[in-house]
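**Q** Below you will find the structure I want to go over with you.
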Amino acid sequence: MEIKPIKTDADYRATLREIDGLMSAKLNTPEGDRLDVLVTLVQAYETRHFPIDLPDPVEAIKFRMEQAGLTVKDLEPFIGRSNRVYEILNRKRPLTLAMIWKLNQGLGIPAESLIKPIKLTTV
C-alpha cells in the first residue's frame with residue numbers, strides 16, 4: 001500500500017476522490033485498510049488547514065437550552081437566580097468559575113467553550 005502525505009490542496013482533493021471510491025470497502029480488507037489510512041490523513045490535513053473555532057459561551061449555553069428544551073428557570077441551579085441567568089444570556093455579566101464548572105458537569109457543555117471570554121455589552 002503506497003500512501004503519501006497530503007501537502008497541497010490538489011493532494012487533498014485527490015485523496016477525497018479516492019476516499020469516495022473506497023466508501024463501500026469492507027473492514028479488514030486491503031481496500032478497507034487504505035480507506036482507514038486515507039481518512040486519517042484527511043482528518044489531520046483538515047485539522048491543520050480548516051480549524052473550527054469553539055462557540056462563544058453564551059451561544060453554547062443557548063444551543064444546549066434549545067437542544068434540551070431548557071428554560072431560564074432550568075438554568076438556575078447552574079448559574080443562580082433568573083435575573084443572573086438573564087444577565088449572562090444578555091451578555092451583561094461574565095460567567096464565574098463556579099458557573100462554568102456547574103454548566104460543564106450538569107449540562108455537558110464543553111469547558112473549552114465556557115472559558116472563552118464573553119463579549120459583554122455595555123449599556
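Lettering and numbering for the C-alpha cells are positional, with chains as A, B, ... in the shown order, residues counted from 1 in each chain, and ligands counted from 1 in the shown order.
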Residues at most 8 Å from stretch 100-117 of chain A, counting only C-alpha atoms, excluding those fewer than 2 positions away in the same chain, as a PyMOL selection string?
**A** chain A and resi 54-58+60-61+64+78-79+94-98+119
**Q** Taking 6 positions as the minimum chain separation for residues in the same chain, which residues sit within 10 Å of A:Lys92 when counting only C-alpha atoms? Answer as a list in words.
**A** Arg84, Val85, Tyr86, Ile118, Lys119, Leu120, Thr121, Thr122 and Val123 of chain A
**Q** So how far away is atom CA of A:Met23 from atom CA of A:Arg48, in Å?
**A**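 One can read the atom CA of A:Arg48 to atom CA of A:Met23 distance as 23.6 Å.
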**Q** Hey, what's within 12 Å of A:Arg34 if we count only C-alpha atoms and toss same-chain stuff fewer than 3 positions away? As a list in words, please?
**A**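 Counting only the stated atoms, we get Met1, Glu2, Ile3, Lys4, Thr15, Glu18, Ile19, Asp20, Gly21, Leu22, Met23, Ser24, Ala25, Lys26, Leu27, Asn28, Thr29, Pro30, Glu31, Val37, Leu38, Val39, Thr40 and Leu41 of chain A.
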**Q** Which distance in Å separates atom CA of A:Leu35 and atom CA of A:His49, to one decimal?
**A** 20.7 Å
**Q** Quick one: DSSP helix (DSSP H, G or I) residues in stretch 44-100 of chain A, as a PyMOL selection string?
**A** chain A and resi 44-49+57-68+72-79+82-89+97-100
**Q** With N, CA and C atoms kept, could you save the residues just selected as a short mmCIF file (atom, residue, chain, number, x, y, z; two decimals), in the first residue's frame?
**A**
data_model
loop_
_atom_site.label_atom_id
_atom_site.label_comp_id
_atom_site.auth_asym_id
_atom_site.auth_seq_id
_atom_site.Cartn_x
_atom_site.Cartn_y
_atom_site.Cartn_z
N ALA A 44 -6.26 14.85 9.59
CA ALA A 44 -5.09 15.62 10.03
C ALA A 44 -4.93 16.88 9.18
N TYR A 45 -5.11 16.74 7.87
CA TYR A 45 -4.98 17.89 6.97
C TYR A 45 -6.07 18.93 7.29
N GLU A 46 -7.30 18.48 7.48
CA GLU A 46 -8.40 19.40 7.77
C GLU A 46 -8.22 20.09 9.12
N THR A 47 -7.74 19.38 10.10
CA THR A 47 -7.49 19.98 11.41
C THR A 47 -6.47 21.11 11.31
N ARG A 48 -5.45 20.88 10.49
CA ARG A 48 -4.39 21.87 10.34
C ARG A 48 -4.83 23.04 9.45
N HIS A 49 -5.59 22.79 8.40
CA HIS A 49 -5.91 23.83 7.42
C HIS A 49 -7.30 24.44 7.55
N PRO A 57 -19.32 31.31 24.79
CA PRO A 57 -20.01 30.70 25.92
C PRO A 57 -21.53 30.91 25.90
N VAL A 58 -21.98 32.12 25.61
CA VAL A 58 -23.42 32.39 25.60
C VAL A 58 -24.10 31.57 24.51
N GLU A 59 -23.49 31.50 23.33
CA GLU A 59 -24.07 30.71 22.25
C GLU A 59 -24.09 29.23 22.60
N ALA A 60 -23.06 28.76 23.30
CA ALA A 60 -23.01 27.35 23.72
C ALA A 60 -24.15 27.05 24.70
N ILE A 61 -24.40 27.97 25.62
CA ILE A 61 -25.49 27.79 26.60
C ILE A 61 -26.83 27.81 25.88
N LYS A 62 -27.02 28.79 24.99
CA LYS A 62 -28.29 28.88 24.26
C LYS A 62 -28.53 27.64 23.40
N PHE A 63 -27.46 27.12 22.79
CA PHE A 63 -27.59 25.92 21.98
C PHE A 63 -28.04 24.74 22.83
N ARG A 64 -27.41 24.57 24.01
CA ARG A 64 -27.80 23.47 24.90
C ARG A 64 -29.24 23.65 25.38
N MET A 65 -29.63 24.90 25.65
CA MET A 65 -31.01 25.16 26.07
C MET A 65 -31.98 24.72 24.97
N GLU A 66 -31.66 25.07 23.74
CA GLU A 66 -32.52 24.71 22.61
C GLU A 66 -32.56 23.19 22.42
N GLN A 67 -31.39 22.57 22.49
CA GLN A 67 -31.29 21.11 22.32
C GLN A 67 -32.15 20.36 23.33
N ALA A 68 -32.05 20.79 24.58
CA ALA A 68 -32.70 20.06 25.67
C ALA A 68 -34.06 20.63 26.06
N VAL A 72 -35.04 29.40 31.25
CA VAL A 72 -34.19 30.16 32.16
C VAL A 72 -34.27 29.56 33.56
N LYS A 73 -35.44 29.15 33.97
CA LYS A 73 -35.64 28.54 35.30
C LYS A 73 -34.78 27.28 35.45
N ASP A 74 -34.65 26.51 34.35
CA ASP A 74 -33.85 25.28 34.40
C ASP A 74 -32.36 25.57 34.60
N LEU A 75 -31.92 26.78 34.25
CA LEU A 75 -30.50 27.13 34.39
C LEU A 75 -30.15 27.65 35.78
N GLU A 76 -31.15 27.92 36.59
CA GLU A 76 -30.89 28.48 37.92
C GLU A 76 -29.94 27.63 38.78
N PRO A 77 -30.04 26.30 38.78
CA PRO A 77 -29.10 25.52 39.60
C PRO A 77 -27.64 25.68 39.15
N PHE A 78 -27.43 26.09 37.93
CA PHE A 78 -26.07 26.19 37.39
C PHE A 78 -25.52 27.62 37.43
N ILE A 79 -26.42 28.60 37.35
CA ILE A 79 -25.97 30.00 37.24
C ILE A 79 -26.41 30.85 38.42
N SER A 82 -32.95 33.79 38.37
CA SER A 82 -33.32 34.13 36.99
C SER A 82 -32.68 35.42 36.51
N ASN A 83 -32.62 36.43 37.39
CA ASN A 83 -32.02 37.70 36.95
C ASN A 83 -30.55 37.51 36.58
N ARG A 84 -29.84 36.64 37.29
CA ARG A 84 -28.43 36.35 36.98
C ARG A 84 -28.33 35.60 35.64
N VAL A 85 -29.23 34.65 35.42
CA VAL A 85 -29.24 33.91 34.16
C VAL A 85 -29.46 34.88 33.00
N TYR A 86 -30.43 35.80 33.15
CA TYR A 86 -30.67 36.79 32.09
C TYR A 86 -29.46 37.69 31.87
N GLU A 87 -28.76 38.04 32.93
CA GLU A 87 -27.55 38.86 32.78
C GLU A 87 -26.50 38.13 31.96
N ILE A 88 -26.34 36.84 32.19
CA ILE A 88 -25.38 36.05 31.42
C ILE A 88 -25.84 35.96 29.97
N LEU A 89 -27.09 35.57 29.75
CA LEU A 89 -27.60 35.37 28.39
C LEU A 89 -27.64 36.67 27.58
N LEU A 97 -16.12 30.97 37.55
CA LEU A 97 -15.56 29.63 37.51
C LEU A 97 -16.56 28.60 38.04
N ALA A 98 -17.28 28.96 39.10
CA ALA A 98 -18.27 28.04 39.67
C ALA A 98 -19.39 27.77 38.66
N MET A 99 -19.83 28.80 37.94
CA MET A 99 -20.88 28.62 36.92
C MET A 99 -20.37 27.71 35.80
N ILE A 100 -19.15 27.96 35.37
CA ILE A 100 -18.55 27.15 34.29
C ILE A 100 -18.51 25.68 34.72
#
**Q** Rounded to one decimal, what separation in Å do you get between atom CA of A:Leu16 and atom CA of A:Asp36?
**A**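 These two atoms are separated by 12.3 Å.
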